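J.: Data file target_22.txt (compact mmCIF, C-alpha atoms and all ligand atoms) is appended below.
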# COMPACT_ATOMS: atom_id res chain seq x y z
CA MET A 752 224.90 0.41 68.05
CA ASN A 753 225.25 -2.84 69.88
CA LYS A 754 226.98 -4.36 72.89
CA LEU A 755 224.46 -2.74 75.15
CA ASN A 756 225.26 -4.61 78.32
CA VAL A 757 228.72 -3.12 78.71
CA PRO A 758 228.97 -0.22 81.21
CA ARG A 759 228.06 3.13 79.69
CA ASP A 760 230.89 5.62 79.60
CA ILE A 761 229.11 8.85 80.47
CA SER A 762 232.19 10.86 81.33
CA VAL A 763 233.02 14.13 79.58
CA PRO A 764 236.56 14.13 78.18
CA LYS A 765 238.96 16.88 79.25
CA VAL A 766 239.50 17.96 75.67
CA TRP A 767 236.82 17.76 73.02
CA ASP A 768 235.60 19.56 69.89
CA ARG A 769 233.06 22.08 71.16
CA THR A 770 231.96 23.45 67.80
CA GLY A 771 228.86 21.42 66.90
CA LEU A 772 227.51 20.64 63.45
CA PRO A 773 228.24 23.08 60.62
CA SER A 774 225.70 25.86 60.01
CA TRP A 775 224.97 24.73 56.44
CA SER A 776 223.57 21.44 57.74
CA TYR A 777 220.62 23.30 59.30
CA HIS A 778 219.29 24.59 55.99
CA ASN A 779 220.44 22.28 53.20
CA SER A 780 217.61 20.51 51.41
CA GLU A 781 219.81 17.83 49.82
CA LEU A 782 221.03 16.87 53.26
CA LEU A 783 217.45 16.69 54.52
CA GLU A 784 216.71 13.93 52.01
CA ILE A 785 219.67 11.94 53.37
CA GLU A 786 218.46 12.55 56.93
CA LYS A 787 215.00 11.23 56.06
CA GLU A 788 216.45 8.10 54.49
CA SER A 789 219.23 7.38 57.01
CA LEU A 790 217.49 8.49 60.19
CA PHE A 791 213.72 8.84 60.09
CA TYR A 792 212.92 5.94 57.76
CA SER A 793 215.51 3.55 59.16
CA HIS A 794 215.34 4.07 62.92
CA TRP A 795 212.62 2.99 65.31
CA GLN A 796 209.90 5.61 65.66
CA LEU A 797 207.54 5.75 68.62
CA ILE A 798 204.03 6.10 67.18
CA CYS A 799 201.69 5.64 70.15
CA HIS A 800 200.92 3.58 73.26
CA GLN A 801 199.07 0.27 73.09
CA SER A 802 196.22 1.87 75.06
CA ASP A 803 195.63 4.28 72.16
CA VAL A 804 194.35 1.26 70.22
CA SER A 805 192.86 -0.74 73.06
CA SER A 806 190.06 -2.61 71.26
CA ILE A 807 189.75 -4.62 68.06
CA GLY A 808 189.56 -2.38 64.98
CA GLU A 809 190.94 0.72 66.71
CA TYR A 810 193.62 2.53 64.74
CA ILE A 811 196.05 5.44 64.76
CA THR A 812 197.61 6.93 61.64
CA PHE A 813 200.71 9.06 61.37
CA ASP A 814 202.95 10.26 58.52
CA ILE A 815 206.71 10.13 58.97
CA CYS A 816 208.12 12.62 56.47
CA LYS A 817 205.47 11.76 53.87
CA GLU A 818 205.59 8.00 54.49
CA ARG A 819 202.27 6.91 55.92
CA ILE A 820 201.85 4.62 58.91
CA LEU A 821 198.72 2.78 60.05
CA ILE A 822 198.66 1.12 63.49
CA LEU A 823 195.68 -1.16 64.06
CA ARG A 824 194.60 -3.76 66.59
CA ASP A 825 193.48 -6.85 64.71
CA ASP A 826 190.76 -9.39 65.54
CA LYS A 827 193.22 -11.46 67.59
CA LYS A 828 194.04 -8.30 69.60
CA VAL A 829 197.51 -8.12 68.05
CA ILE A 830 198.79 -4.64 67.19
CA ARG A 831 199.93 -4.43 63.60
CA ALA A 832 201.64 -1.74 61.53
CA PHE A 833 201.12 -1.17 57.80
CA ASN A 834 201.84 1.42 55.19
CA ASN A 835 198.65 3.47 55.05
CA LEU A 836 198.70 3.07 51.31
CA CYS A 837 196.08 1.39 49.14
CA ARG A 838 197.52 -1.09 46.69
CA HIS A 839 195.15 0.17 43.98
CA ARG A 840 195.99 3.85 43.46
CA GLY A 841 197.87 4.68 46.64
CA SER A 842 195.15 6.47 48.58
CA ARG A 843 195.21 6.43 52.35
CA VAL A 844 193.18 3.35 53.27
CA VAL A 845 192.36 5.11 56.54
CA ALA A 846 191.90 8.85 56.27
CA ASP A 847 191.37 9.82 59.93
CA ARG A 848 194.09 10.33 62.51
CA LYS A 849 192.39 7.88 64.88
CA GLY A 850 189.21 5.86 65.03
CA LYS A 851 187.69 2.41 64.93
CA CYS A 852 186.54 0.30 62.00
CA SER A 853 185.10 -3.13 61.32
CA ALA A 854 187.14 -3.55 58.12
CA ILE A 855 189.65 -1.39 56.30
CA VAL A 856 187.75 0.14 53.39
CA CYS A 857 189.70 2.46 51.10
CA PRO A 858 187.74 5.70 50.74
CA PHE A 859 188.77 6.17 47.08
CA HIS A 860 187.20 3.23 45.19
CA GLY A 861 186.29 0.92 48.05
CA TRP A 862 188.88 -1.86 48.07
CA VAL A 863 188.46 -3.77 51.32
CA TYR A 864 191.32 -5.13 53.46
CA ASN A 865 191.19 -7.50 56.44
CA PHE A 866 192.75 -6.53 59.76
CA ASP A 867 195.77 -8.71 58.96
CA GLY A 868 196.33 -6.52 55.90
CA SER A 869 195.26 -9.10 53.32
CA LEU A 870 193.06 -7.88 50.50
CA ARG A 871 189.50 -9.09 51.01
CA GLY A 872 188.53 -7.82 47.60
CA PRO A 873 188.45 -4.90 45.18
CA ALA A 874 185.28 -3.00 44.37
CA LYS A 875 183.71 -4.42 41.18
CA PRO A 876 186.04 -7.45 41.08
CA SER A 877 184.98 -8.41 37.56
CA SER A 878 186.81 -5.29 36.32
CA PHE A 879 190.11 -6.93 37.40
CA PRO A 880 190.00 -10.23 35.53
CA LYS A 881 193.53 -11.28 36.51
CA LEU A 882 193.98 -9.79 39.98
CA ASP A 883 195.86 -12.12 42.36
CA LYS A 884 194.51 -11.02 45.74
CA ASN A 885 197.47 -12.57 47.55
CA LYS A 886 199.80 -10.08 45.95
CA PHE A 887 197.85 -6.97 46.89
CA GLY A 888 197.70 -6.91 50.68
CA LEU A 889 198.74 -3.85 52.67
CA LYS A 890 202.49 -3.70 53.21
CA ARG A 891 203.46 -4.68 56.74
CA LEU A 892 206.02 -2.75 58.71
CA ASP A 893 208.38 -3.79 61.50
CA CYS A 894 206.53 -3.17 64.74
CA GLU A 895 207.72 -3.70 68.31
CA ILE A 896 205.84 -3.10 71.55
CA TRP A 897 208.15 -2.10 74.37
CA ASN A 898 206.75 -1.25 77.83
CA GLY A 899 203.43 -0.57 76.11
CA PHE A 900 204.87 1.85 73.56
CA VAL A 901 204.37 0.99 69.89
CA PHE A 902 207.49 1.46 67.79
CA VAL A 903 207.59 1.17 64.00
CA ARG A 904 210.47 1.07 61.57
CA LEU A 905 209.92 1.74 57.87
CA ASN A 906 213.25 0.24 56.75
CA LYS A 907 215.82 -1.94 58.46
CA GLY A 908 218.59 0.20 59.93
CA PRO A 909 221.58 0.13 62.26
CA GLN A 910 219.60 -0.24 65.50
CA PRO A 911 218.94 -3.53 67.28
CA SER A 912 215.46 -4.27 68.67
CA VAL A 913 213.93 -1.59 70.88
CA LYS A 914 214.23 -3.97 73.83
CA GLU A 915 217.96 -4.32 73.29
CA LEU A 916 218.41 -0.63 72.60
CA MET A 917 216.64 0.35 75.83
CA MET A 918 218.24 -2.41 77.93
CA PRO A 919 220.26 0.04 80.08
CA PHE A 920 216.99 1.56 81.33
CA GLU A 921 214.80 -1.52 81.26
CA GLU A 922 214.80 -2.10 85.01
CA GLU A 923 214.25 1.51 86.01
CA LEU A 924 211.38 2.03 83.59
CA SER A 925 209.74 -1.27 84.51
CA TYR A 926 208.84 0.21 87.93
CA TYR A 927 206.47 2.70 86.32
CA LYS A 928 204.31 -0.09 84.79
CA ILE A 929 204.02 1.99 81.65
CA GLU A 930 202.31 -0.85 79.80
CA GLU A 931 199.31 -0.51 82.13
CA MET A 932 198.95 3.23 81.68
CA VAL A 933 196.15 4.91 79.73
CA PRO A 934 196.00 8.09 77.63
CA ALA A 935 195.67 11.31 79.61
CA GLY A 936 194.59 13.13 76.44
CA ASP A 937 195.09 13.02 72.70
CA ILE A 938 198.40 12.76 70.90
CA TRP A 939 199.31 16.43 70.30
CA THR A 940 201.13 17.97 67.36
CA GLN A 941 202.34 21.46 66.60
CA THR A 942 204.71 22.91 64.04
CA SER A 943 207.73 25.13 64.59
CA ASN A 944 209.59 27.19 62.00
CA VAL A 945 213.00 25.68 62.62
CA ASN A 946 215.19 22.83 61.45
CA TRP A 947 214.54 19.63 63.40
CA LYS A 948 218.14 19.50 64.65
CA SER A 949 217.73 22.82 66.44
CA VAL A 950 214.86 21.27 68.41
CA ARG A 951 217.02 18.33 69.40
CA ASP A 952 220.04 20.55 70.20
CA VAL A 953 217.99 22.50 72.72
CA ASP A 954 216.50 19.39 74.26
CA ASN A 955 219.85 17.64 74.55
CA GLU A 956 221.26 19.97 77.18
CA GLY A 957 220.12 21.33 80.53
CA TYR A 958 222.71 24.09 80.72
CA HIS A 959 219.91 26.51 79.75
CA VAL A 960 217.51 25.42 82.53
CA PRO A 961 218.51 27.98 85.22
CA MET A 962 218.19 30.88 82.76
CA ALA A 963 215.38 29.84 80.46
CA HIS A 964 213.08 27.61 82.55
CA PRO A 965 212.30 29.38 85.83
CA SER A 966 209.65 26.82 86.84
CA LEU A 967 211.89 23.82 86.17
CA GLN A 968 214.71 25.53 88.03
CA ASP A 969 212.29 26.10 90.92
CA LEU A 970 211.39 22.42 90.82
CA TYR A 971 214.90 20.94 90.52
CA GLY A 972 217.37 23.58 91.61
CA ASN A 973 220.81 22.20 90.82
CA ASN A 974 219.67 18.57 91.02
CA TYR A 975 219.83 18.16 87.28
CA PHE A 976 222.27 16.11 85.27
CA ASP A 977 222.48 15.13 81.58
CA GLU A 978 224.16 11.94 80.49
CA PRO A 979 225.40 11.92 76.91
CA PHE A 980 224.11 9.61 74.17
CA VAL A 981 225.81 6.22 74.39
CA ASN A 982 224.87 3.51 71.87
CA GLY A 983 221.82 5.46 70.77
CA THR A 984 220.24 6.35 74.10
CA SER A 985 220.72 8.97 76.78
CA LYS A 986 219.36 9.82 80.20
CA THR A 987 218.71 13.05 82.06
CA HIS A 988 218.25 12.90 85.83
CA ALA A 989 216.30 15.53 87.73
CA LYS A 990 215.41 15.40 91.42
CA PHE A 991 213.19 17.89 93.24
CA SER A 992 215.14 20.44 95.24
CA GLY A 993 214.51 20.52 98.99
CA LYS A 994 213.00 24.01 98.72
CA ALA A 995 209.28 24.70 98.92
CA GLY A 996 209.00 26.35 95.51
CA ARG A 997 208.55 30.04 94.65
CA TYR A 998 205.99 29.49 91.90
CA TRP A 999 202.41 28.58 92.72
CA SER A 1000 202.33 25.52 90.46
CA VAL A 1001 205.72 24.20 91.65
CA ARG A 1002 204.95 24.74 95.33
CA ASN A 1003 201.61 22.95 95.07
CA TYR A 1004 202.99 20.24 92.84
CA LYS A 1005 205.71 19.41 95.37
CA ASN A 1006 203.07 19.23 98.10
CA LEU A 1007 200.65 17.10 96.13
CA SER A 1008 203.01 14.72 94.34
CA THR A 1009 201.97 11.26 95.58
CA PRO A 1010 203.77 8.45 93.80
CA ALA A 1011 201.90 5.30 92.85
CA LYS A 1012 202.39 2.43 95.33
CA HIS A 1013 204.44 0.39 92.88
CA LEU A 1014 207.09 3.12 92.50
CA PRO A 1015 210.19 2.57 94.68
CA LYS A 1016 211.35 5.42 96.88
CA LYS A 1017 214.40 6.19 94.73
CA LEU A 1018 212.01 7.27 91.95
CA HIS A 1019 209.84 9.51 94.13
CA LYS A 1020 210.43 13.23 93.73
CA SER A 1021 212.20 12.83 90.42
CA TRP A 1022 211.60 13.47 86.74
CA ASN A 1023 213.76 11.48 84.35
CA TYR A 1024 214.14 11.73 80.61
CA PHE A 1025 215.32 8.97 78.27
CA GLY A 1026 216.55 10.03 74.85
CA ILE A 1027 216.22 7.68 71.90
CA PHE A 1028 218.38 8.54 68.90
CA PRO A 1029 217.67 10.33 66.64
CA ASN A 1030 214.52 12.23 67.64
CA ALA A 1031 212.54 11.05 70.64
CA VAL A 1032 212.35 11.24 74.42
CA ILE A 1033 210.38 9.21 76.94
CA ALA A 1034 209.95 11.19 80.16
CA VAL A 1035 208.67 9.92 83.49
CA THR A 1036 207.41 11.64 86.60
CA PRO A 1037 205.72 9.95 89.58
CA GLU A 1038 202.35 10.78 88.00
CA LEU A 1039 202.78 10.13 84.30
CA VAL A 1040 204.86 9.05 81.37
CA GLN A 1041 205.08 11.04 78.19
CA PHE A 1042 206.85 10.83 74.88
CA TYR A 1043 207.82 13.68 72.61
CA GLN A 1044 209.62 13.75 69.30
CA GLU A 1045 210.24 15.85 66.22
CA PHE A 1046 210.06 15.20 62.49
CA PRO A 1047 211.28 17.41 59.66
CA ILE A 1048 208.66 18.73 57.25
CA SER A 1049 211.21 20.89 55.42
CA THR A 1050 214.62 22.31 56.33
CA LYS A 1051 212.80 25.22 58.03
CA LEU A 1052 209.70 23.52 59.41
CA THR A 1053 209.42 20.80 62.07
CA LEU A 1054 206.53 18.80 63.43
CA LEU A 1055 206.57 18.46 67.21
CA ARG A 1056 204.50 15.56 68.53
CA GLY A 1057 203.87 13.89 71.86
CA ALA A 1058 201.40 12.38 74.31
CA ILE A 1059 200.91 11.87 78.03
CA TYR A 1060 199.78 8.66 79.74
CA ARG A 1061 198.62 8.27 83.32
CA HIS A 1062 198.13 5.49 85.84
CA LYS A 1063 194.79 3.80 85.30
CA LYS A 1064 193.78 4.36 88.89
CA GLU A 1065 194.66 7.70 90.39
CA ASN A 1066 193.26 9.49 93.39
CA ARG A 1067 192.29 13.14 93.50
CA LYS A 1068 195.69 14.25 94.78
CA GLN A 1069 197.51 12.35 92.06
CA LYS A 1070 195.22 13.81 89.43
CA LEU A 1071 195.89 17.34 90.65
CA ALA A 1072 199.63 16.66 90.80
CA ARG A 1073 199.51 15.40 87.21
CA TYR A 1074 197.68 18.54 86.15
CA LEU A 1075 200.33 20.71 87.82
CA SER A 1076 203.29 18.74 86.46
CA ASN A 1077 201.79 19.13 83.02
CA ARG A 1078 201.38 22.86 83.55
CA ILE A 1079 205.03 23.21 84.60
CA ASP A 1080 206.12 21.15 81.63
CA GLN A 1081 203.99 23.12 79.19
CA HIS A 1082 205.79 26.32 80.21
CA ALA A 1083 209.10 24.59 79.52
CA ILE A 1084 207.91 23.41 76.09
CA ASP A 1085 206.88 26.95 75.12
CA GLU A 1086 210.18 28.35 76.39
CA ASP A 1087 212.12 25.72 74.47
CA VAL A 1088 210.29 26.61 71.25
CA GLN A 1089 211.66 30.15 71.57
CA LEU A 1090 215.18 28.85 72.26
CA THR A 1091 215.09 26.65 69.17
CA ILE A 1092 214.12 29.68 67.08
CA TRP A 1093 217.06 31.71 68.40
CA SER A 1094 219.45 28.82 67.93
CA ASN A 1095 218.20 28.03 64.44
CA GLU A 1096 218.21 31.57 63.08
CA ALA A 1097 221.90 31.86 64.05
CA MET A 1098 222.62 29.12 61.51
CA GLU A 1099 221.65 31.48 58.68
CA ALA A 1100 223.68 34.44 59.95
CA LYS A 1101 226.98 34.63 58.06
CA SER A 1102 228.64 36.25 61.06
CA PHE A 1103 227.89 33.25 63.33
CA GLU A 1104 231.01 31.12 63.76
CA GLY A 1105 229.29 28.06 65.21
CA PHE A 1106 228.65 26.66 68.69
CA PHE A 1107 231.16 26.81 71.51
CA LEU A 1108 229.78 24.21 73.88
CA SER A 1109 230.11 23.90 77.65
CA ASP A 1110 230.93 20.61 79.39
CA LEU A 1111 227.28 20.75 80.44
CA GLU A 1112 226.32 20.57 76.76
CA TYR A 1113 228.23 17.40 76.00
CA GLY A 1114 224.88 15.75 75.28
CA ILE A 1115 224.70 17.82 72.08
CA LYS A 1116 228.17 16.71 71.05
CA SER A 1117 227.31 13.05 71.66
CA HIS A 1118 224.14 13.37 69.56
CA HIS A 1119 226.11 15.09 66.78
CA ASP A 1120 228.69 12.29 66.92
CA HIS A 1121 225.92 9.75 66.40
CA LEU A 1122 224.68 11.82 63.43
CA ARG A 1123 228.17 12.15 61.93
CA LYS A 1124 228.69 8.41 62.17
CA ILE A 1125 225.61 7.76 60.05
CA ILE A 1126 225.91 10.84 57.80
CA PRO A 1127 229.66 11.55 57.53
CA ILE A 1128 229.20 14.62 55.32
CA LEU A 1129 228.10 16.41 58.50
CA SER A 1130 231.76 16.67 59.43
CA LEU A 1131 232.45 19.07 56.50
CA ASN A 1132 232.58 22.64 57.71
CA LYS A 1133 232.06 24.12 54.26
CA GLU A 1134 228.75 23.62 52.48
CA PRO A 1135 229.19 21.24 49.53
CA ASP A 1136 228.27 22.48 46.03
CA THR A 1137 224.69 22.04 44.88
CA ASN A 1138 223.86 18.55 43.66
CA THR A 1139 226.97 17.00 45.22
CA VAL A 1140 225.76 16.25 48.75
CA TYR A 1141 224.33 12.80 48.13
CA ASN A 1142 227.33 11.40 46.23
CA LEU A 1143 229.88 13.03 48.48
CA ASN A 1144 228.22 11.55 51.54
CA LYS A 1145 228.14 8.15 49.87
CA GLU A 1146 231.85 8.33 49.11
CA MET A 1147 232.68 9.40 52.66
CA LYS A 1148 230.55 6.62 54.06
CA ALA A 1149 232.35 4.03 51.93
CA LYS A 1150 235.69 5.19 53.37
CA PHE A 1151 234.45 5.40 56.95
S1 LIG A 1201 192.94 3.90 45.71
FE1 LIG A 1201 192.09 2.58 47.16
S2 LIG A 1201 190.43 1.70 46.17
FE2 LIG A 1201 191.32 2.94 44.66
FE FE A 1202 214.62 23.26 77.71
Can the structure in the file be given as structure tokens, please?
Ligand code: FES
Ligand SMILES: [Fe+2]

T.:
Amino acid sequence: MNKLNVPRDISVPKVWDRTGLPSWSYHNSELLEIEKESLFYSHWQLICHQSDVSSIGEYITFDICKERILILRDDKKVIRAFNNLCRHRGSRVVADRKGKCSAIVCPFHGWVYNFDGSLRGPAKPSSFPKLDKNKFGLKRLDCEIWNGFVFVRLNKGPQPSVKELMMPFEEELSYYKIEEMVPAGDIWTQTSNVNWKSVRDVDNEGYHVPMAHPSLQDLYGNNYFDEPFVNGTSKTHAKFSGKAGRYWSVRNYKNLSTPAKHLPKKLHKSWNYFGIFPNAVIAVTPELVQFYQEFPISTKLTLLRGAIYRHKKENRKQKLARYLSNRIDQHAIDEDVQLTIWSNEAMEAKSFEGFFLSDLEYGIKSHHDHLRKIIPILSLNKEPDTNTVYNLNKEMKAKF
């Protein structure tokens, strides 16, 4: 996933395989372990915004598929990322989801760590006669701040830096001054009883908008267009339709929407979505920026997570518009949850013969292509025998 300055080919070919990933891949637990390793642990993950940890000692914790992350602002105001894992017995060194501390004190036996992760000292040091403190600091993780968003990567993977990855959208997103925004609420999470790929499949196409999202349809009309994933990122464009809006929230939102002064005209009256392979989206409206993402808990259970950030200064109209845009979006999120359930349950029905995708769903195909490139076993239509998935995938990858 490199060479990001070359023009993006976003065209849909005349002939393409419209079938999607095989059904077995939505409920195979051996595959899930490969997905965790090859995708979730080795691709950049958006954890929070820098304003979530705005002062020294503030922290956010989050678990990516059982691997624990701690984001903390140190005494030099630098944001750092560590494994939230005590070097003594592995306890979480910070138990809360967010908070502020003056030192990192493990709640199990009381080992104390400095904000740079180094071990200040164990409790009852005389009970560790040979402990070399230099060898027992918290493990640091790759961390990159991009437009104010804090990205972490557990293991090195195929992606370049976030900056390079997002280069095609750098200029457009710079207008929003995302790095100056502040939280409009807490980071939210909810679970859904589906495979994580069903969540992404639904989000990667707007073909369903006219039927399934009446409020969004009222907002955009036909001014909606999905670009496919190219080199690990995608974009969806949506402009407000010229109509007044049938729904109360849409009608009032269109009337109240007052873009910040720094936003150029071409970005007024538009909502845009930027996909980051494999599992995240940054979405912008004139009033706010949000991220949302999904993480597998099991083959049948997914954690949905996201947060909204607003301009630091907003007038009453902008605040109301933000409230309404959020209300419209919340309807769409709830509707999408239902769609993911319908899509996912089909994967367990023996009579289902797989997707047959429209040209307007090419975004799904491009995401699946990215997945197949990293996990080639996803191109097998028939489910591999038990205990063969890992080795078979390895062999296919070696030949790829
Ligand atoms: S596990 Fe952290 S001090 Fe014992
Ligand atoms: Fe949707």

J.: Under the rule that all atoms listed in the file are counted, which of A:Cys799, A:Met918, A:Leu889, A:Ala935 is the nearest residue to ligand LIG 1201 (chain A)?

T.: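 Closest residue, counting all atoms listed in the file: A:Leu889.
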
J.: Determine, counting all atoms listed in the file, which protein, DNA and RNA residues have an atom within 10 Å of an atom of Phe859 (chain A); residues of the same chain fewer than 2 positions away are not included. Present the result as a VMD selection string.

T.: chain A and resid 837 839 to 844 856 to 857 861 to 862

J.: Closest to ligand LIG 1201 (chain A) among A:Ile785, A:Gly983, A:Pro873, A:Leu1131, using all atoms listed in the file?

T.: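 With all atoms listed in the file as the atom set, the closest residue is A:Pro873.
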
J.: Would you list the contacts of Met962 (chain A) as a list in words, taking every protein, DNA or RNA residue within 12 Å and counting all atoms listed in the file, but skipping same-chain residues closer than 2 positions in sequence?

T.: Gly957, Tyr958, His959, Val960, His964, Pro965, Ser966, Leu967, Gln968, Asp969, Gly972, Ala1083, Glu1086, Asp1087 and Leu1090 of chain A

J.: Could you tell me which of A:Ile820, A:Met917, A:Ile1079, A:Val1140 comes closest to ligand FE 1202 (chain A) if we count all atoms listed in the file?

T.: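 The shortest atom-to-atom distance to ligand FE 1202 (chain A) comes from A:Ile1079.
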
J.: Neighbours of Tyr864 (chain A) within 7 Å (all atoms listed in the file; same-chain residues fewer than 5 positions away dropped), as a PyMOL selection string?

T.: chain A and resi 854-856+869-871

J.: Between CA of Ser793 (chain A) and CA of Lys907 (chain A), measure the distance and give it in Å to one decimal.

T.: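 Taking CA of Ser793 (chain A) as the start and CA of Lys907 (chain A) as the end point, the length is 5.5 Å.
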
J.: Taking all atoms listed in the file into account, name the residue in A:Pro1037, A:Pro773, A:Gly850, A:Pro1127 that is nearest to Tyr810 (chain A).

T.: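 Using all atoms listed in the file, the shortest distance to Tyr810 (chain A) belongs to A:Gly850.
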
J.: Write out as number ranges by chain which residues come within 12 Å of Met1098 (chain A) when counting all atoms listed in the file, dropping same-chain ones fewer than 2 positions away.

T.: A: 771-779, 945-946, 948-949, 1050-1051, 1091-1096, 1100-1106

J.: Distance CA of Arg1002 (chain A)-CA of Tyr975 (chain A), one decimal place?

T.: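 Answer for the CA of Arg1002 (chain A) to CA of Tyr975 (chain A) separation: 18.2 Å.
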
J.: In Å, how far is it from CA of Leu836 (chain A) to CA of Gln796 (chain A)?

T.: 18.4 Å

J.: Leu1122 (chain A): which residues within 10 Å, counting all atoms listed in the file, same-chain residues fewer than 6 positions away excluded, as a list in words?

T.: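 Close residues of Leu1122 (chain A): Leu772, Glu786, Ser789, Leu790, Phe1028, Pro1029, Lys1116, Ile1128, Leu1129 and Ser1130 of chain A.
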
J.: The centre and edge lengths of an axis-aligned box containing all atoms of region 1072-1078 of chain A present in the file, extended by 4 Å on each side, are to be given in Å to one decimal, as lines of an AutoDock Vina configuration file.

T.:
center_x = 200.5
center_y = 19.1
center_z = 86.9
size_x = 13.6
size_y = 15.5
size_z = 15.8

J.: Using all atoms listed in the file, list the residues that have an atom at most 6 Å from (198.8, -2.9, 52.5), coordinates as in the file, as a ChimeraX atom specification.

T.: /A:834,868,888-890

J.: Looking at all atoms listed in the file, which of A:Asp867, A:Asp893, A:Glu956, A:Asp826 is the one that sits closest to Tyr1024 (chain A)?

T.: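 That would be A:Glu956, the residue with the smallest distance to Tyr1024 (chain A).
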
J.: Using all atoms listed in the file, which residue out of A:Lys875, A:Lys1005, A:Lys787, A:Arg769 lies closest to ligand LIG 1201 (chain A)?

T.: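 Comparing A:Lys875, A:Lys1005, A:Lys787, A:Arg769 against ligand LIG 1201 (chain A), the winner is A:Lys875.
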
J.: For region 1045-1058 of chain A, which lacks atoms in the input, supply N, CA and C atoms and format the output as an mmCIF file, in the frame of the given file.

T.:
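Below you can see rebuild.cif, which holds the result:
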data_model
loop_
_atom_site.group_PDB
_atom_site.id
_atom_site.type_symbol
_atom_site.label_atom_id
_atom_site.label_comp_id
_atom_site.auth_asym_id
_atom_site.auth_seq_id
_atom_site.Cartn_x
_atom_site.Cartn_y
_atom_site.Cartn_z
ATOM 1 N N GLU A 1045 210.364 14.860 67.274
ATOM 2 C CA GLU A 1045 210.240 15.850 66.220
ATOM 3 C C GLU A 1045 210.562 15.216 64.870
ATOM 4 N N PHE A 1046 209.877 15.710 63.849
ATOM 5 C CA PHE A 1046 210.060 15.200 62.490
ATOM 6 C C PHE A 1046 210.202 16.384 61.535
ATOM 7 N N PRO A 1047 211.160 16.303 60.610
ATOM 8 C CA PRO A 1047 211.280 17.410 59.660
ATOM 9 C C PRO A 1047 210.139 17.402 58.648
ATOM 10 N N ILE A 1048 209.605 18.582 58.371
ATOM 11 C CA ILE A 1048 208.660 18.730 57.250
ATOM 12 C C ILE A 1048 209.434 19.360 56.092
ATOM 13 N N SER A 1049 210.256 20.326 56.390
ATOM 14 C CA SER A 1049 211.210 20.890 55.420
ATOM 15 C C SER A 1049 212.437 21.300 56.227
ATOM 16 N N THR A 1050 213.419 21.900 55.571
ATOM 17 C CA THR A 1050 214.620 22.310 56.330
ATOM 18 C C THR A 1050 214.260 23.373 57.373
ATOM 19 N N LYS A 1051 213.155 24.096 57.135
ATOM 20 C CA LYS A 1051 212.800 25.220 58.030
ATOM 21 C C LYS A 1051 211.517 24.970 58.808
ATOM 22 N N LEU A 1052 210.972 23.778 58.731
ATOM 23 C CA LEU A 1052 209.700 23.520 59.410
ATOM 24 C C LEU A 1052 209.732 22.116 60.045
ATOM 25 N N THR A 1053 209.351 22.064 61.316
ATOM 26 C CA THR A 1053 209.420 20.800 62.070
ATOM 27 C C THR A 1053 208.093 20.505 62.735
ATOM 28 N N LEU A 1054 207.729 19.239 62.703
ATOM 29 C CA LEU A 1054 206.530 18.800 63.430
ATOM 30 C C LEU A 1054 206.943 18.328 64.811
ATOM 31 N N LEU A 1055 206.361 18.924 65.832
ATOM 32 C CA LEU A 1055 206.570 18.460 67.210
ATOM 33 C C LEU A 1055 205.364 17.603 67.570
ATOM 34 N N ARG A 1056 205.604 16.502 68.257
ATOM 35 C CA ARG A 1056 204.500 15.560 68.530
ATOM 36 C C ARG A 1056 204.756 14.897 69.877
ATOM 37 N N GLY A 1057 203.687 14.583 70.594
ATOM 38 C CA GLY A 1057 203.870 13.890 71.860
ATOM 39 C C GLY A 1057 202.545 13.481 72.468
ATOM 40 N N ALA A 1058 202.621 12.787 73.596
ATOM 41 C CA ALA A 1058 201.400 12.380 74.310
ATOM 42 C C ALA A 1058 201.751 12.041 75.745
#
